[in-house]
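Data file: protein-v6.cif. Format and content: mmCIF, C-alpha atoms and all ligand atoms.
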data_protein
#
loop_
_atom_site.label_atom_id
_atom_site.label_comp_id
_atom_site.auth_asym_id
_atom_site.auth_seq_id
_atom_site.Cartn_x
_atom_site.Cartn_y
_atom_site.Cartn_z
CA MET A 249 54.57 -6.46 -1.35
CA LYS A 250 53.02 -8.54 -4.12
CA ILE A 251 49.45 -9.55 -3.57
CA PHE A 252 48.07 -10.73 -6.87
CA ASN A 253 49.44 -11.34 -10.25
CA LEU A 254 46.47 -9.87 -12.07
CA CYS A 255 48.41 -8.42 -14.95
CA CYS A 256 47.95 -11.44 -17.21
CA ALA A 257 44.24 -11.69 -16.74
CA ARG A 258 43.84 -7.98 -17.35
CA ARG A 259 45.90 -7.95 -20.53
CA ARG A 260 44.24 -11.07 -21.87
CA PHE A 261 40.98 -9.24 -21.51
CA LEU A 262 42.37 -6.23 -23.32
CA ALA A 263 44.45 -7.74 -26.06
CA GLY A 264 44.02 -11.48 -26.36
CA ASN A 265 46.30 -14.48 -25.94
CA ARG A 266 49.38 -13.04 -27.59
CA LEU A 267 49.73 -10.33 -24.99
CA PHE A 268 48.83 -12.80 -22.30
CA ASN A 269 51.87 -14.91 -23.17
CA ARG A 270 54.13 -11.88 -23.25
CA CYS A 271 52.72 -10.79 -19.96
CA ASN A 272 53.73 -14.06 -18.38
CA ARG A 273 57.31 -13.17 -18.97
CA PHE A 274 57.24 -9.55 -17.79
CA SER A 275 54.52 -9.47 -15.18
CA LYS A 276 55.46 -8.22 -11.74
CA GLY A 277 51.92 -8.11 -10.21
CA PHE A 278 50.16 -5.31 -8.28
CA SER A 279 51.19 -3.76 -5.01
CA LEU A 280 48.83 -3.63 -2.02
CA ALA A 281 48.41 0.11 -2.54
CA GLU A 282 47.32 -0.42 -6.14
CA VAL A 283 44.80 -3.03 -5.13
CA LEU A 284 43.38 -0.80 -2.38
CA VAL A 285 43.07 2.12 -4.76
CA ALA A 286 41.26 -0.09 -7.26
CA VAL A 287 38.86 -1.32 -4.57
CA VAL A 288 38.09 2.24 -3.47
CA VAL A 289 37.51 3.37 -7.05
CA ILE A 290 35.16 0.45 -7.72
CA ALA A 291 33.29 1.04 -4.46
CA VAL A 292 32.79 4.73 -5.21
CA ALA A 293 31.61 3.89 -8.71
CA LEU A 294 29.06 1.39 -7.37
CA VAL A 295 27.41 3.77 -4.90
CA PRO A 296 25.20 5.59 -7.43
CA VAL A 297 24.39 2.29 -9.12
CA ILE A 298 23.22 0.79 -5.82
CA MET A 299 21.23 3.93 -4.98
CA VAL A 300 19.41 3.86 -8.31
CA PHE A 301 18.71 0.15 -7.88
CA SER A 302 17.32 0.50 -4.34
CA GLN A 303 15.19 3.47 -5.38
CA GLY A 304 13.79 1.44 -8.24
CA VAL A 305 12.92 -1.42 -5.91
CA LYS A 306 11.22 1.00 -3.54
CA GLN A 307 9.20 2.58 -6.34
CA GLY A 308 8.41 -0.84 -7.70
CA LYS A 309 6.58 -1.74 -4.49
CA THR A 310 4.18 1.16 -4.72
CA PRO A 311 1.96 -0.20 -7.51
CA GLN A 312 1.69 -3.46 -5.62
CA GLN A 313 0.63 -1.65 -2.44
CA ILE A 314 -1.91 0.41 -4.36
CA THR A 315 -3.33 -2.79 -5.80
CA VAL A 316 -3.61 -4.34 -2.34
CA ALA A 317 -5.17 -1.20 -0.86
CA THR A 318 -7.69 -0.98 -3.69
CA MET A 319 -8.60 -4.62 -3.22
CA LEU A 320 -9.11 -4.08 0.53
CA ALA A 321 -11.28 -1.02 -0.10
CA GLN A 322 -13.37 -2.85 -2.69
CA ASP A 323 -13.79 -5.81 -0.36
CA LEU A 324 -15.31 -3.65 2.38
CA LEU A 325 -17.37 -1.55 -0.02
CA GLU A 326 -18.92 -4.71 -1.48
CA GLU A 327 -19.86 -5.77 2.05
CA ILE A 328 -21.50 -2.43 2.82
CA MET A 329 -23.44 -1.57 -0.32
CA PRO A 330 -26.02 -4.41 -0.24
CA LYS A 331 -27.16 -3.21 3.23
CA LYS A 332 -30.30 -1.11 3.69
CA PHE A 333 -30.28 2.64 3.04
CA ASP A 334 -31.13 3.28 6.68
CA GLU A 335 -32.27 1.46 9.80
CA ASN A 336 -35.70 2.84 8.88
CA PRO A 337 -35.64 3.82 5.19
CA VAL A 338 -39.15 5.28 5.46
CA ASN A 339 -38.00 7.73 8.09
CA PRO A 340 -34.19 8.00 7.80
CA VAL A 341 -32.11 9.41 10.63
CA ALA A 342 -30.84 12.96 10.59
CA PRO A 343 -27.26 13.50 9.41
CA VAL A 344 -26.06 14.02 12.97
CA SER A 345 -27.40 10.58 13.95
CA LEU A 346 -25.71 8.56 11.21
CA GLY A 347 -23.90 5.58 12.67
CA PRO A 348 -24.44 2.19 14.27
CA ASP A 349 -27.83 1.61 15.85
CA THR A 350 -28.26 0.38 19.40
CA GLY A 351 -26.67 -3.01 19.98
CA GLU A 352 -25.03 -3.31 16.57
CA THR A 353 -21.47 -4.22 15.66
CA ARG A 354 -19.95 -5.20 12.36
CA SER A 355 -19.30 -8.82 13.30
CA GLY A 356 -22.48 -9.27 15.30
CA LEU A 357 -20.54 -11.29 17.85
CA PRO A 358 -21.03 -12.57 20.43
CA THR A 359 -24.50 -11.24 21.28
CA THR A 360 -24.90 -8.12 19.20
CA ARG A 361 -26.65 -7.61 15.88
CA ASN A 362 -24.75 -7.16 12.64
CA TYR A 363 -24.61 -3.83 10.94
CA ASP A 364 -27.64 -3.85 8.66
CA ASP A 365 -27.67 -0.44 6.99
CA VAL A 366 -24.92 1.46 5.21
CA ASP A 367 -24.51 4.26 7.72
CA ASP A 368 -23.82 1.77 10.52
CA TYR A 369 -20.31 1.77 9.12
CA ARG A 370 -19.84 5.49 9.62
CA ASN A 371 -16.44 6.12 11.26
CA TYR A 372 -15.74 2.40 11.31
CA THR A 373 -12.00 1.80 11.34
CA GLU A 374 -9.81 -1.25 11.68
CA SER A 375 -6.11 -2.06 11.54
CA PRO A 376 -5.25 -4.60 10.36
CA PRO A 377 -8.29 -5.19 8.13
CA ARG A 378 -10.69 -7.84 9.39
CA GLU A 379 -13.03 -10.38 7.90
CA VAL A 380 -16.72 -9.81 8.58
CA ASP A 381 -16.54 -12.38 11.41
CA GLY A 382 -13.82 -10.32 13.10
CA THR A 383 -10.86 -12.44 12.05
CA ALA A 384 -7.79 -10.26 11.52
CA MET A 385 -6.22 -10.37 8.04
CA THR A 386 -2.71 -10.58 9.44
CA GLU A 387 -1.20 -10.73 5.95
CA TYR A 388 -2.31 -7.10 5.54
CA THR A 389 -0.85 -5.76 8.76
CA GLY A 390 0.14 -2.15 8.17
CA TYR A 391 -3.03 -1.32 6.24
CA THR A 392 -5.91 0.58 7.88
CA ARG A 393 -9.49 0.74 6.59
CA THR A 394 -11.76 3.63 7.52
CA VAL A 395 -15.33 4.34 6.40
CA ALA A 396 -17.11 7.66 6.00
CA VAL A 397 -20.85 7.87 5.31
CA ASP A 398 -22.65 11.12 4.57
CA TYR A 399 -25.81 12.37 2.97
CA VAL A 400 -25.01 14.15 -0.28
CA SER A 401 -26.93 16.67 -2.30
CA GLU A 402 -29.36 15.19 -4.82
CA THR A 403 -28.32 17.77 -7.40
CA ASN A 404 -24.60 17.55 -6.70
CA VAL A 405 -23.48 14.25 -5.23
CA ASP A 406 -20.01 15.64 -4.59
CA THR A 407 -21.44 17.93 -1.92
CA VAL A 408 -22.12 16.70 1.59
CA SER A 409 -25.62 17.61 2.73
CA SER A 410 -26.53 18.81 6.21
CA VAL A 411 -30.11 17.62 5.71
CA ILE A 412 -31.69 14.27 4.87
CA THR A 413 -31.57 13.40 1.16
CA ARG A 414 -32.17 10.28 -0.92
CA PHE A 415 -28.44 9.63 -1.33
CA LYS A 416 -25.76 8.49 1.07
CA ARG A 417 -22.16 8.43 -0.04
CA VAL A 418 -20.07 5.58 1.31
CA ARG A 419 -16.34 6.19 1.13
CA VAL A 420 -13.78 3.56 2.12
CA THR A 421 -10.24 4.83 2.63
CA VAL A 422 -7.25 2.53 3.00
CA THR A 423 -3.97 3.90 4.33
CA TRP A 424 -0.51 2.37 4.65
CA ASP A 425 3.10 3.40 5.24
CA ASN A 426 2.08 4.84 8.63
CA GLY A 427 -0.73 6.79 7.03
CA THR A 428 1.44 8.57 4.50
CA GLN A 429 -0.10 6.68 1.57
CA SER A 430 -3.79 6.21 0.88
CA THR A 431 -6.35 5.22 -1.68
CA GLU A 432 -10.13 5.39 -1.55
CA LEU A 433 -13.22 4.06 -3.25
CA GLU A 434 -16.74 5.43 -2.90
CA ALA A 435 -20.26 4.57 -3.98
CA LEU A 436 -23.73 6.07 -3.65
CA LYS A 437 -26.63 4.36 -1.93
CA GLY A 438 -30.04 5.60 -3.05
CA ASN A 439 -33.28 5.47 -1.06
CA TYR A 440 -35.92 4.24 -3.51
CA CA A 501 -28.39 -0.57 11.66
CA CA A 502 -27.64 3.11 11.12
#
Hey, can you dump this file as structure tokens for me?
Ligand SMILES: [Ca+2]
Ligand SMILES: [Ca+2]
Amino acid sequence: MKIFNLCCARRRFLAGNRLFNRCNRFSKGFSLAEVLVAVVVIAVALVPVIMVFSQGVKQGKTPQQITVATMLAQDLLEEIMPKKFDENPVNPVAPVSLGPDTGETRSGLPTTRNYDDVDDYRNYTESPPREVDGTAMTEYTGYTRTVAVDYVSETNVDTVSSVITRFKRVRVTVTWDNGTQSTELEALKGNY
């Protein structure tokens, strides 16, 4: 069974017009079996190429997601850091009492007060990220923002302190890919 007369095209590719003309006279075409074998060979050859391509696309998304996550972390950190050191900076709360004060929420809506000191954000979490007025950033669905606030040692700010100090560390963590990926930014708030 003759399916295609591909001989001429193939030989023109290989040897130019002279062979193409000769081919016209002697060509008998390819059988169905030959065509099927060729298709299978091409398909098998393409598999690793497609795998490498898809892996590259997948890896190519990661830097973009890191950029988005970093931007989201920075956005929240910039909201938090201008707040007061403590509800009462003269007499700060003990480490075990860090957190929102009575009647406070981040958005301050509808009848509550806004967070007004950095440790109000302790254990704050949201998914998707939200604007300060509570509006969901639906374009960032899949990202989660979480805040940790702790006193840290005045001589070693990498160490969490179990007593009151003049420094609170604010750490914003953003996760994505169902929590398998994360990035974080942190800053110190001093009590001066
Ligand atoms: Ca407060
Ligand atoms: Ca507080």
Write out, as JSON lines, each residue of chain A that has an atom at most 6 Å from ligand CA 501 (chain A), together with the closest pair of atoms and their distance in Å to one decimal, counting all atoms listed in the file, rows going by chain and rising number.
{"residue": "A:Glu335", "atom": "CA", "partner": "A:CA501", "partner_atom": "CA", "distance": 4.8}
{"residue": "A:Pro348", "atom": "CA", "partner": "A:CA501", "partner_atom": "CA", "distance": 5.5}
{"residue": "A:Asp349", "atom": "CA", "partner": "A:CA501", "partner_atom": "CA", "distance": 4.8}
{"residue": "A:Tyr363", "atom": "CA", "partner": "A:CA501", "partner_atom": "CA", "distance": 5.0}
{"residue": "A:Asp364", "atom": "CA", "partner": "A:CA501", "partner_atom": "CA", "distance": 4.5}
{"residue": "A:Asp365", "atom": "CA", "partner": "A:CA501", "partner_atom": "CA", "distance": 4.7}
{"residue": "A:Asp368", "atom": "CA", "partner": "A:CA501", "partner_atom": "CA", "distance": 5.3}
Hey, can you spit out that residue selection with C-alpha atoms as a PDB file, keeping the file's coordinate frame?
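Once everything was written out, this is selection16.pdb:
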ATOM      1  CA  GLU A 335     -32.270   1.460   9.800  1.00  0.00           C
ATOM      2  CA  PRO A 348     -24.440   2.190  14.270  1.00  0.00           C
ATOM      3  CA  ASP A 349     -27.830   1.610  15.850  1.00  0.00           C
ATOM      4  CA  TYR A 363     -24.610  -3.830  10.940  1.00  0.00           C
ATOM      5  CA  ASP A 364     -27.640  -3.850   8.660  1.00  0.00           C
ATOM      6  CA  ASP A 365     -27.670  -0.440   6.990  1.00  0.00           C
ATOM      7  CA  ASP A 368     -23.820   1.770  10.520  1.00  0.00           C
TER       8      ASP A 368
END
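Residues in contact range of Tyr399 in chain A, defined as at most 8 Å between all atoms listed in the file, with sequence neighbours fewer than 2 positions away removed, read A:Pro343, A:Val397, A:Ser401, A:Val408, A:Ser409, A:Ser410, A:Val411, A:Ile412, A:Thr413, A:Arg414, A:Phe415, A:Lys416, A:Arg417.
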Could you please take those selected residues and save C-alpha atoms as a PDB file, in the frame of the given file?
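Dumped everything to selection32.pdb:
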ATOM      1  CA  PRO A 343     -27.260  13.500   9.410  1.00  0.00           C
ATOM      2  CA  VAL A 397     -20.850   7.870   5.310  1.00  0.00           C
ATOM      3  CA  SER A 401     -26.930  16.670  -2.300  1.00  0.00           C
ATOM      4  CA  VAL A 408     -22.120  16.700   1.590  1.00  0.00           C
ATOM      5  CA  SER A 409     -25.620  17.610   2.730  1.00  0.00           C
ATOM      6  CA  SER A 410     -26.530  18.810   6.210  1.00  0.00           C
ATOM      7  CA  VAL A 411     -30.110  17.620   5.710  1.00  0.00           C
ATOM      8  CA  ILE A 412     -31.690  14.270   4.870  1.00  0.00           C
ATOM      9  CA  THR A 413     -31.570  13.400   1.160  1.00  0.00           C
ATOM     10  CA  ARG A 414     -32.170  10.280  -0.920  1.00  0.00           C
ATOM     11  CA  PHE A 415     -28.440   9.630  -1.330  1.00  0.00           C
ATOM     12  CA  LYS A 416     -25.760   8.490   1.070  1.00  0.00           C
ATOM     13  CA  ARG A 417     -22.160   8.430  -0.040  1.00  0.00           C
TER      14      ARG A 417
END
Kindly work out which residues sit at most 12 Å from ligand CA 502 (chain A), using only C-alpha atoms and all ligand atoms, and give the list as a ChimeraX atom specification. /A:328,331-337,339-354,361-372,397-398,416
Using all atoms listed in the file, the residue out of A:Val316, A:Met329, A:Val405, A:Leu436 with shortest distance to Thr392 in chain A is A:Val316
So how many Å separate CA of Ser355 in chain A and CA of Leu324 in chain A, to one decimal?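 Separation of CA of Ser355 in chain A and CA of Leu324 in chain A: 12.7 Å.
Between CA of Met319 in chain A and CA of Ala396 in chain A the interatomic distance comes to 17.6 Å.
Going from CA of Thr315 in chain A over to CA of Tyr388 in chain A, you cover 12.2 Å.
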Long-range neighbours of Ile314 in chain A as a PyMOL selection string, 9 Å cut-off, all atoms listed in the file, 5 positions minimum in chain
chain A and resi 309+319+429-431
Exercise. Measuring atom to atom with only C-alpha atoms, identify which of A:Thr360, A:Thr383, A:Thr318, A:Thr407 is nearest to Thr423 in chain A.
Key: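 So, comparing all the options, the nearest one is A:Thr318.
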- Distance query Thr373 in chain A at most 8 Å, all atoms listed in the file, self and fewer than 3 positions along chain excluded, as a VMD selection string: chain A and resid 392 to 395
Size and centre in Å, one decimal, axis-aligned box, all listed range 416-431 of chain A atoms plus 8 Å per side, as AutoDock Vina command-line options:
--center_x -11.3 --center_y 5.5 --center_z 3.5 --size_x 44.9 --size_y 22.2 --size_z 26.3
- [ ] Have a look at A:Ser375, A:Asn404, A:Gly356, A:Glu326 and name the one nearest to Glu434 in chain A; count only C-alpha atoms.
- [x]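 Closest to Glu434 in chain A, using only C-alpha atoms: A:Glu326.
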Excluding Gly427 in chain A and its own-chain neighbours fewer than 5 positions away, which residues fall within 10 Å of it when counting all atoms listed in the file? Please give them as a list of chain:residue names.
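Here the qualifying residues turn out to be A:Gly390, A:Tyr391, A:Thr392, A:Val422.
Using all atoms listed in the file, the nearest neighbour of Thr421 in chain A within the list A:Glu282, A:Met385, A:Gln313, A:Leu433 is A:Leu433.
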